[in-house]
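Colleague: First, the structure itself, so that you have it in front of you.
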Amino acid sequence: MKALTNKQINKYRGLVLVVWVFLGLFPEFINAQSCGFQTTCVPPSDWANGSWQMFNGTQNHTGRQTMKGNFTSGRYVKWSYITPEWIRSSPAIGDINNDGQIEIVVGDDYGYISALRGTDGFLLWNYNTRPLGRIYSSPSIGDINRDGQVEVVVGNGDNAVYALRGTDGSLLWLYGTWDRVYSSPAIGDIDNDGQIEVVVGSRDSRIYAFRGTNGTILWFFTTGSSIHSSPAIGDINNDGQIEVVIGSLDNRLYALRGTNGSLLWSYTTDSMIYSSPAIGDINGDGNIEVVIGSLDNKVYALRGTNGSLLWSYTTLAGVYSSPTIGDINNDGNVEVAVGSWDGYIHVLRGTNGSLVWSYNVLSSYTLYEDIVLADIDPSPGIEIITHGRGRSIYVLSSSGTLLWQDGGDQWSVSVGDVDGDGCVEIVAVGNAISIMVIDATSNEGGCGILGNDDELSVDESKVLKPDDYVKIFTTDGRRIYRGEYKSFKPERRGIYFVVAEGGKVKKVVR
């Protein structure tokens, strides 16, 4: 193959093709904390394959979807599905049966865990947990036993944690706790042994770490009260080890060592913590911070190294909602978005916790649940997608103006590419229609990835020729191939970005 000149290489910063192809597994890209190309293991915190694998998207609970969408030309309900009862938790989105297609997994108040086909909402399977076991916990998906297949893990109001096979919903293992499990599981290799663990809290005051292979306990830690918060996991103190961070109704936030569950540090607020933490570098100092809300009306940002206070922000009411973090207004700095019982979305500067803007989405209602960050509008910055109990879905611009609102009685939203067109859709669940997928009329494929606008963005269509020299990227932005397009011999289906010379492509090949 002829070597390219620098001039030729520079031209390749233009053409992007989102392809549904069969791609071979490249083992050098797979390790205990990342996946090759689908959801067959646990992705890194900034994974961008259009999935939403656990509560607030990833292990770090940033609440940010890095694959883009385009809702500027309008929107419609792609499909809806009625479950037996209300859905109170957020859906998980990913390929759970290795068919190259995306599925949506939800739990409801009758104790059913349902897997729906992302393209049309067809029910693939459901699993009925014990009677009267309401599911508040959000499902998590990943290959927890390293068998090459994806499992679904979820807590239940019947005092149990369930691990189900993604292929057919059959039971892999079950563990009974001493009280209800409202916490949403996090999955990942928390002890660096190359195996996957499941971490979750329970109202029995314990934080559990289970081995993904069979559900046996790796360790547990007892707090001073019930746990509704969901754990975030990551290396928060730069020691090369994974920590588990979770709140409790004993007013404390706990940081535990993933290896054995011992206490690294804790921080005491002035009231109960229902909120789930988000972790990331919010002030640009190269270190990780932990952000959490409390019913003492405050949002706290703590240093991951020792749990000391970086800043706090006071709202007008308790903070049940879980924070999300990202560069919302495209100023090069990270912001924190959080909802409060005062009915407002508050966007705060990550550096010092000062208010950037606030917006009243609920007026007479209180905000319990999710805030999702996703770029679904070509205007600068990231949009905020949220909802209200008994109210609409709200989409706010990065500057705090209302772009649009839709729907009825929705509890929760997730964002992911459910139909494989290379652009994200909004998945909303609640009381009225139970679950619906909102698609954009301008989602025609290949909307791009946050943080890769120069190379992995999409503008215009162009047909690739066999002799075209291309670079092929996974949907988290990692290059896996460089060479002639005709020499690329894939073996596994998935969404990939193909960058070539001569323009930008948004064509989808199935």
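Identifiers in the structure tokens: chain A, B, ... in order shown; residue index from 1 per chain; ligand index from 1 in order shown.
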What's around A:Gly57 at 12 Å? Count only C-alpha atoms, leave out sequence neighbours fewer than 2 positions away in its own chain, and write the answer as a compact mmCIF listing (two decimals) with N, CA, C and O atoms, in the first residue's frame.
Modeller:
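The result, stored in out.txt:
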```
# COMPACT_ATOMS: atom_id res chain seq x y z
N VAL A 42 -17.98 -4.19 30.18
CA VAL A 42 -18.32 -2.94 30.84
C VAL A 42 -17.54 -1.81 30.19
O VAL A 42 -16.32 -1.83 30.15
N PRO A 43 -18.21 -0.78 29.69
CA PRO A 43 -17.52 0.28 28.96
C PRO A 43 -16.88 1.29 29.90
O PRO A 43 -17.23 1.39 31.06
N PRO A 44 -15.94 2.07 29.39
CA PRO A 44 -15.39 3.16 30.18
C PRO A 44 -16.42 4.26 30.39
O PRO A 44 -17.48 4.26 29.78
N SER A 45 -16.09 5.21 31.26
CA SER A 45 -17.09 6.20 31.68
C SER A 45 -17.56 7.08 30.53
O SER A 45 -18.69 7.56 30.54
N ASP A 46 -16.74 7.29 29.51
CA ASP A 46 -17.12 8.16 28.40
C ASP A 46 -17.52 7.37 27.16
O ASP A 46 -17.44 7.86 26.05
N TRP A 47 -17.96 6.16 27.35
CA TRP A 47 -18.41 5.31 26.25
C TRP A 47 -19.49 6.01 25.42
O TRP A 47 -20.37 6.66 25.96
N ALA A 48 -19.40 5.87 24.13
CA ALA A 48 -20.35 6.58 23.27
C ALA A 48 -20.81 5.70 22.14
O ALA A 48 -20.63 6.00 20.98
N ASN A 49 -21.41 4.55 22.45
CA ASN A 49 -21.94 3.71 21.38
C ASN A 49 -23.45 3.77 21.33
O ASN A 49 -24.09 2.90 20.79
N GLY A 50 -24.00 4.82 21.88
CA GLY A 50 -25.44 4.98 21.86
C GLY A 50 -26.15 4.14 22.91
O GLY A 50 -27.37 4.10 22.94
N SER A 51 -25.40 3.47 23.77
CA SER A 51 -26.03 2.68 24.83
C SER A 51 -26.17 3.52 26.09
O SER A 51 -25.66 4.62 26.21
N TRP A 52 -26.88 2.97 27.05
CA TRP A 52 -27.11 3.59 28.36
C TRP A 52 -27.16 2.42 29.32
O TRP A 52 -28.20 1.92 29.66
N GLN A 53 -25.98 1.97 29.79
CA GLN A 53 -25.88 0.64 30.36
C GLN A 53 -26.30 0.52 31.81
O GLN A 53 -26.52 -0.59 32.30
N MET A 54 -26.39 1.63 32.50
CA MET A 54 -26.80 1.57 33.91
C MET A 54 -27.31 2.93 34.31
O MET A 54 -27.38 3.85 33.50
N PHE A 55 -27.70 3.07 35.57
CA PHE A 55 -28.24 4.34 36.04
C PHE A 55 -27.30 5.49 35.70
O PHE A 55 -26.09 5.42 35.92
N GLN A 59 -20.65 3.92 34.70
CA GLN A 59 -20.18 3.67 36.06
C GLN A 59 -19.99 4.96 36.85
O GLN A 59 -20.18 4.99 38.06
N ASN A 60 -19.61 6.05 36.17
CA ASN A 60 -19.32 7.30 36.86
C ASN A 60 -20.56 8.15 37.10
O ASN A 60 -20.48 9.19 37.76
N HIS A 61 -21.71 7.75 36.53
CA HIS A 61 -22.98 8.46 36.72
C HIS A 61 -22.92 9.91 36.26
O HIS A 61 -23.56 10.78 36.86
N THR A 62 -22.16 10.17 35.19
CA THR A 62 -22.10 11.55 34.70
C THR A 62 -23.41 12.01 34.09
O THR A 62 -23.66 13.21 33.98
N GLY A 63 -24.25 11.06 33.65
CA GLY A 63 -25.52 11.42 33.03
C GLY A 63 -25.36 12.01 31.64
O GLY A 63 -26.29 12.63 31.13
N ARG A 64 -24.22 11.78 31.01
CA ARG A 64 -23.93 12.38 29.70
C ARG A 64 -23.89 11.31 28.63
O ARG A 64 -23.19 10.32 28.75
N GLN A 65 -24.66 11.52 27.57
CA GLN A 65 -24.62 10.67 26.39
C GLN A 65 -23.74 11.35 25.35
O GLN A 65 -24.01 12.48 24.95
N THR A 66 -22.67 10.68 24.93
CA THR A 66 -21.72 11.32 24.03
C THR A 66 -22.01 11.10 22.56
O THR A 66 -21.38 11.74 21.72
N MET A 67 -22.91 10.20 22.20
CA MET A 67 -23.37 10.15 20.82
C MET A 67 -24.44 11.21 20.64
O MET A 67 -25.28 11.42 21.51
N SER A 90 -35.15 4.19 35.57
CA SER A 90 -34.75 4.58 34.22
C SER A 90 -34.37 3.34 33.40
O SER A 90 -33.82 2.38 33.95
N PRO A 91 -34.67 3.34 32.11
CA PRO A 91 -34.38 2.17 31.27
C PRO A 91 -32.89 2.04 30.98
O PRO A 91 -32.16 3.03 30.94
N ALA A 92 -32.46 0.80 30.76
CA ALA A 92 -31.12 0.53 30.24
C ALA A 92 -31.23 0.28 28.74
O ALA A 92 -32.23 -0.28 28.26
N ILE A 93 -30.20 0.70 27.99
CA ILE A 93 -30.22 0.61 26.54
C ILE A 93 -28.92 -0.04 26.08
O ILE A 93 -27.83 0.42 26.42
N GLY A 94 -29.02 -1.13 25.32
CA GLY A 94 -27.82 -1.80 24.81
C GLY A 94 -28.18 -3.10 24.13
O GLY A 94 -29.33 -3.56 24.17
N SER A 138 -32.95 0.73 38.76
CA SER A 138 -32.76 0.76 37.31
C SER A 138 -31.89 -0.43 36.89
O SER A 138 -30.86 -0.70 37.53
N PRO A 139 -32.25 -1.13 35.83
CA PRO A 139 -31.43 -2.26 35.39
C PRO A 139 -30.05 -1.83 34.92
O PRO A 139 -29.86 -0.73 34.40
N SER A 140 -29.07 -2.72 35.09
CA SER A 140 -27.74 -2.54 34.53
C SER A 140 -27.45 -3.71 33.61
O SER A 140 -27.88 -4.84 33.88
N ILE A 141 -26.71 -3.46 32.52
CA ILE A 141 -26.44 -4.51 31.56
C ILE A 141 -24.94 -4.58 31.26
O ILE A 141 -24.25 -3.57 31.19
N SER A 184 -29.79 1.20 42.38
CA SER A 184 -29.52 0.64 41.06
C SER A 184 -28.09 0.09 41.02
O SER A 184 -27.15 0.78 41.43
N PRO A 185 -27.89 -1.13 40.53
CA PRO A 185 -26.56 -1.73 40.56
C PRO A 185 -25.58 -1.02 39.63
O PRO A 185 -25.95 -0.49 38.58
N ALA A 186 -24.32 -1.02 40.03
CA ALA A 186 -23.21 -0.64 39.15
C ALA A 186 -22.39 -1.90 38.89
O ALA A 186 -22.24 -2.74 39.78
N ILE A 187 -21.87 -2.04 37.69
CA ILE A 187 -21.10 -3.23 37.33
C ILE A 187 -19.73 -2.81 36.81
O ILE A 187 -19.60 -1.83 36.06
N ALA A 232 -21.68 4.83 42.47
CA ALA A 232 -20.82 5.15 41.34
C ALA A 232 -19.46 4.53 41.63
O ALA A 232 -19.04 4.44 42.79
N ALA A 278 -22.25 11.54 41.37
CA ALA A 278 -21.57 11.57 40.07
C ALA A 278 -20.10 11.89 40.33
O ALA A 278 -19.79 12.67 41.24
N THR A 324 -25.63 15.60 37.38
CA THR A 324 -24.94 15.21 36.15
C THR A 324 -23.84 16.22 35.89
O THR A 324 -23.93 17.38 36.32
N ILE A 325 -22.79 15.79 35.19
CA ILE A 325 -21.65 16.67 34.99
C ILE A 325 -21.17 16.62 33.55
O ILE A 325 -21.17 15.56 32.92
N ASP A 370 -34.13 11.94 37.08
CA ASP A 370 -32.96 12.06 36.25
C ASP A 370 -32.86 13.40 35.51
O ASP A 370 -33.85 14.01 35.16
N ILE A 371 -31.64 13.79 35.27
CA ILE A 371 -31.30 14.83 34.31
C ILE A 371 -30.30 14.20 33.35
O ILE A 371 -29.32 13.61 33.79
N VAL A 372 -30.56 14.31 32.07
CA VAL A 372 -29.67 13.72 31.06
C VAL A 372 -29.05 14.84 30.24
O VAL A 372 -29.73 15.79 29.85
N LEU A 373 -27.76 14.72 29.97
CA LEU A 373 -27.05 15.65 29.12
C LEU A 373 -26.80 14.99 27.77
O LEU A 373 -26.23 13.91 27.70
N ALA A 374 -27.24 15.64 26.70
CA ALA A 374 -27.04 15.08 25.36
C ALA A 374 -27.07 16.22 24.35
O ALA A 374 -27.83 17.18 24.51
N VAL A 413 -36.18 9.48 32.07
CA VAL A 413 -35.73 9.46 30.68
C VAL A 413 -34.32 8.89 30.61
O VAL A 413 -33.51 9.05 31.52
N SER A 414 -34.06 8.19 29.52
CA SER A 414 -32.71 7.77 29.14
C SER A 414 -32.53 8.16 27.68
O SER A 414 -33.51 8.36 26.94
N VAL A 415 -31.27 8.26 27.25
CA VAL A 415 -30.98 8.66 25.88
C VAL A 415 -29.99 7.67 25.27
O VAL A 415 -28.95 7.38 25.87
N GLY A 416 -30.33 7.13 24.10
CA GLY A 416 -29.45 6.19 23.43
C GLY A 416 -29.91 5.94 22.00
O GLY A 416 -31.02 6.33 21.61
```
Colleague: Find the residues around A:Lys486 up to 12 Å (only C-alpha atoms counted), leave out those fewer than 2 positions away in its own chain, and share them as a list of chain:residue names.
Modeller: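 Skipping anything fewer than 2 positions along the chain leaves A:Leu464, A:Lys465, A:Pro466, A:Asp467, A:Asp468, A:Tyr469, A:Val470, A:Tyr481, A:Arg482, A:Gly483, A:Glu484, A:Phe488, A:Lys489, A:Pro490.
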Colleague: Quick one: residues within 10 Å of A:Leu309, only C-alpha atoms, excluding same-chain residues fewer than 4 positions away - as a list in words?
Modeller: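 Those residues are Tyr267, Glu289, Val290, Tyr300, Ala301, Leu302, Arg303 and Gly304 of chain A.
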Colleague: Neighbours of stretch 161-163 of chain A within 6 Å (only C-alpha atoms; same-chain residues fewer than 5 positions away dropped), as a ChimeraX atom specification?
Modeller: /A:152-155,172-175
Colleague: Take the residues that were just selected and, keeping all heavy atoms, output them as an mmCIF file, in the first residue's frame.
Modeller:
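Final file, out_11.cif:
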```cif
data_model
loop_
_atom_site.group_PDB
_atom_site.id
_atom_site.type_symbol
_atom_site.label_atom_id
_atom_site.label_comp_id
_atom_site.auth_asym_id
_atom_site.auth_seq_id
_atom_site.Cartn_x
_atom_site.Cartn_y
_atom_site.Cartn_z
ATOM 1 N N VAL A 152 -28.436 -8.979 32.591
ATOM 2 C CA VAL A 152 -29.209 -7.863 33.141
ATOM 3 C C VAL A 152 -29.249 -8.024 34.651
ATOM 4 O O VAL A 152 -29.614 -9.093 35.150
ATOM 5 C CB VAL A 152 -30.644 -7.837 32.575
ATOM 6 C CG1 VAL A 152 -31.467 -6.740 33.246
ATOM 7 C CG2 VAL A 152 -30.635 -7.666 31.059
ATOM 8 N N VAL A 153 -28.867 -6.979 35.388
ATOM 9 C CA VAL A 153 -28.872 -7.030 36.846
ATOM 10 C C VAL A 153 -29.790 -5.929 37.365
ATOM 11 O O VAL A 153 -29.706 -4.777 36.918
ATOM 12 C CB VAL A 153 -27.456 -6.845 37.421
ATOM 13 C CG1 VAL A 153 -27.467 -7.084 38.929
ATOM 14 C CG2 VAL A 153 -26.468 -7.768 36.739
ATOM 15 N N VAL A 154 -30.634 -6.264 38.324
ATOM 16 C CA VAL A 154 -31.584 -5.284 38.849
ATOM 17 C C VAL A 154 -31.958 -5.647 40.277
ATOM 18 O O VAL A 154 -31.986 -6.831 40.642
ATOM 19 C CB VAL A 154 -32.844 -5.214 37.939
ATOM 20 C CG1 VAL A 154 -33.645 -6.503 38.016
ATOM 21 C CG2 VAL A 154 -33.702 -4.005 38.269
ATOM 22 N N GLY A 155 -32.226 -4.654 41.089
ATOM 23 C CA GLY A 155 -32.746 -4.869 42.437
ATOM 24 C C GLY A 155 -34.256 -4.835 42.450
ATOM 25 O O GLY A 155 -34.898 -4.367 41.503
ATOM 26 N N LEU A 172 -29.857 -16.197 36.063
ATOM 27 C CA LEU A 172 -28.476 -16.631 36.239
ATOM 28 C C LEU A 172 -28.188 -16.843 37.719
ATOM 29 O O LEU A 172 -27.704 -17.889 38.125
ATOM 30 C CB LEU A 172 -27.508 -15.607 35.651
ATOM 31 C CG LEU A 172 -26.016 -15.899 35.846
ATOM 32 C CD1 LEU A 172 -25.619 -17.180 35.116
ATOM 33 C CD2 LEU A 172 -25.166 -14.727 35.365
ATOM 34 N N TRP A 173 -28.477 -15.841 38.524
ATOM 35 C CA TRP A 173 -28.380 -15.991 39.974
ATOM 36 C C TRP A 173 -29.270 -14.970 40.680
ATOM 37 O O TRP A 173 -29.734 -14.003 40.070
ATOM 38 C CB TRP A 173 -26.942 -15.915 40.485
ATOM 39 C CG TRP A 173 -26.108 -14.713 40.118
ATOM 40 C CD1 TRP A 173 -25.138 -14.657 39.157
ATOM 41 C CD2 TRP A 173 -26.128 -13.407 40.718
ATOM 42 N NE1 TRP A 173 -24.572 -13.409 39.112
ATOM 43 C CE2 TRP A 173 -25.144 -12.621 40.068
ATOM 44 C CE3 TRP A 173 -26.877 -12.824 41.732
ATOM 45 C CZ2 TRP A 173 -24.907 -11.278 40.395
ATOM 46 C CZ3 TRP A 173 -26.641 -11.496 42.063
ATOM 47 C CH2 TRP A 173 -25.663 -10.743 41.412
ATOM 48 N N LEU A 174 -29.503 -15.236 41.939
ATOM 49 C CA LEU A 174 -30.377 -14.407 42.773
ATOM 50 C C LEU A 174 -29.754 -14.318 44.157
ATOM 51 O O LEU A 174 -29.262 -15.314 44.690
ATOM 52 C CB LEU A 174 -31.777 -15.040 42.855
ATOM 53 C CG LEU A 174 -32.724 -14.581 43.961
ATOM 54 C CD1 LEU A 174 -33.209 -13.172 43.691
ATOM 55 C CD2 LEU A 174 -33.921 -15.531 44.053
ATOM 56 N N TYR A 175 -29.753 -13.118 44.732
ATOM 57 C CA TYR A 175 -29.265 -12.968 46.101
ATOM 58 C C TYR A 175 -30.314 -12.216 46.914
ATOM 59 O O TYR A 175 -30.782 -11.146 46.509
ATOM 60 C CB TYR A 175 -27.931 -12.224 46.149
ATOM 61 C CG TYR A 175 -27.339 -12.203 47.545
ATOM 62 C CD1 TYR A 175 -26.444 -13.193 47.944
ATOM 63 C CD2 TYR A 175 -27.702 -11.232 48.458
ATOM 64 C CE1 TYR A 175 -25.918 -13.203 49.229
ATOM 65 C CE2 TYR A 175 -27.185 -11.224 49.746
ATOM 66 C CZ TYR A 175 -26.295 -12.210 50.125
ATOM 67 O OH TYR A 175 -25.782 -12.225 51.405
#
```
Colleague: With distances taken over only C-alpha atoms, which residue among A:Ser89, A:Asn283, A:Ser276, A:Asn352 lies nearest A:Pro231?
Modeller: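 The answer is A:Ser276, which sits nearest to A:Pro231.
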Colleague: I want to know what sits within 12 Å of A:Leu164, based on only C-alpha atoms, with residues of the same chain fewer than 4 positions away left out; could you give that as a count of residues only?
Modeller: 37
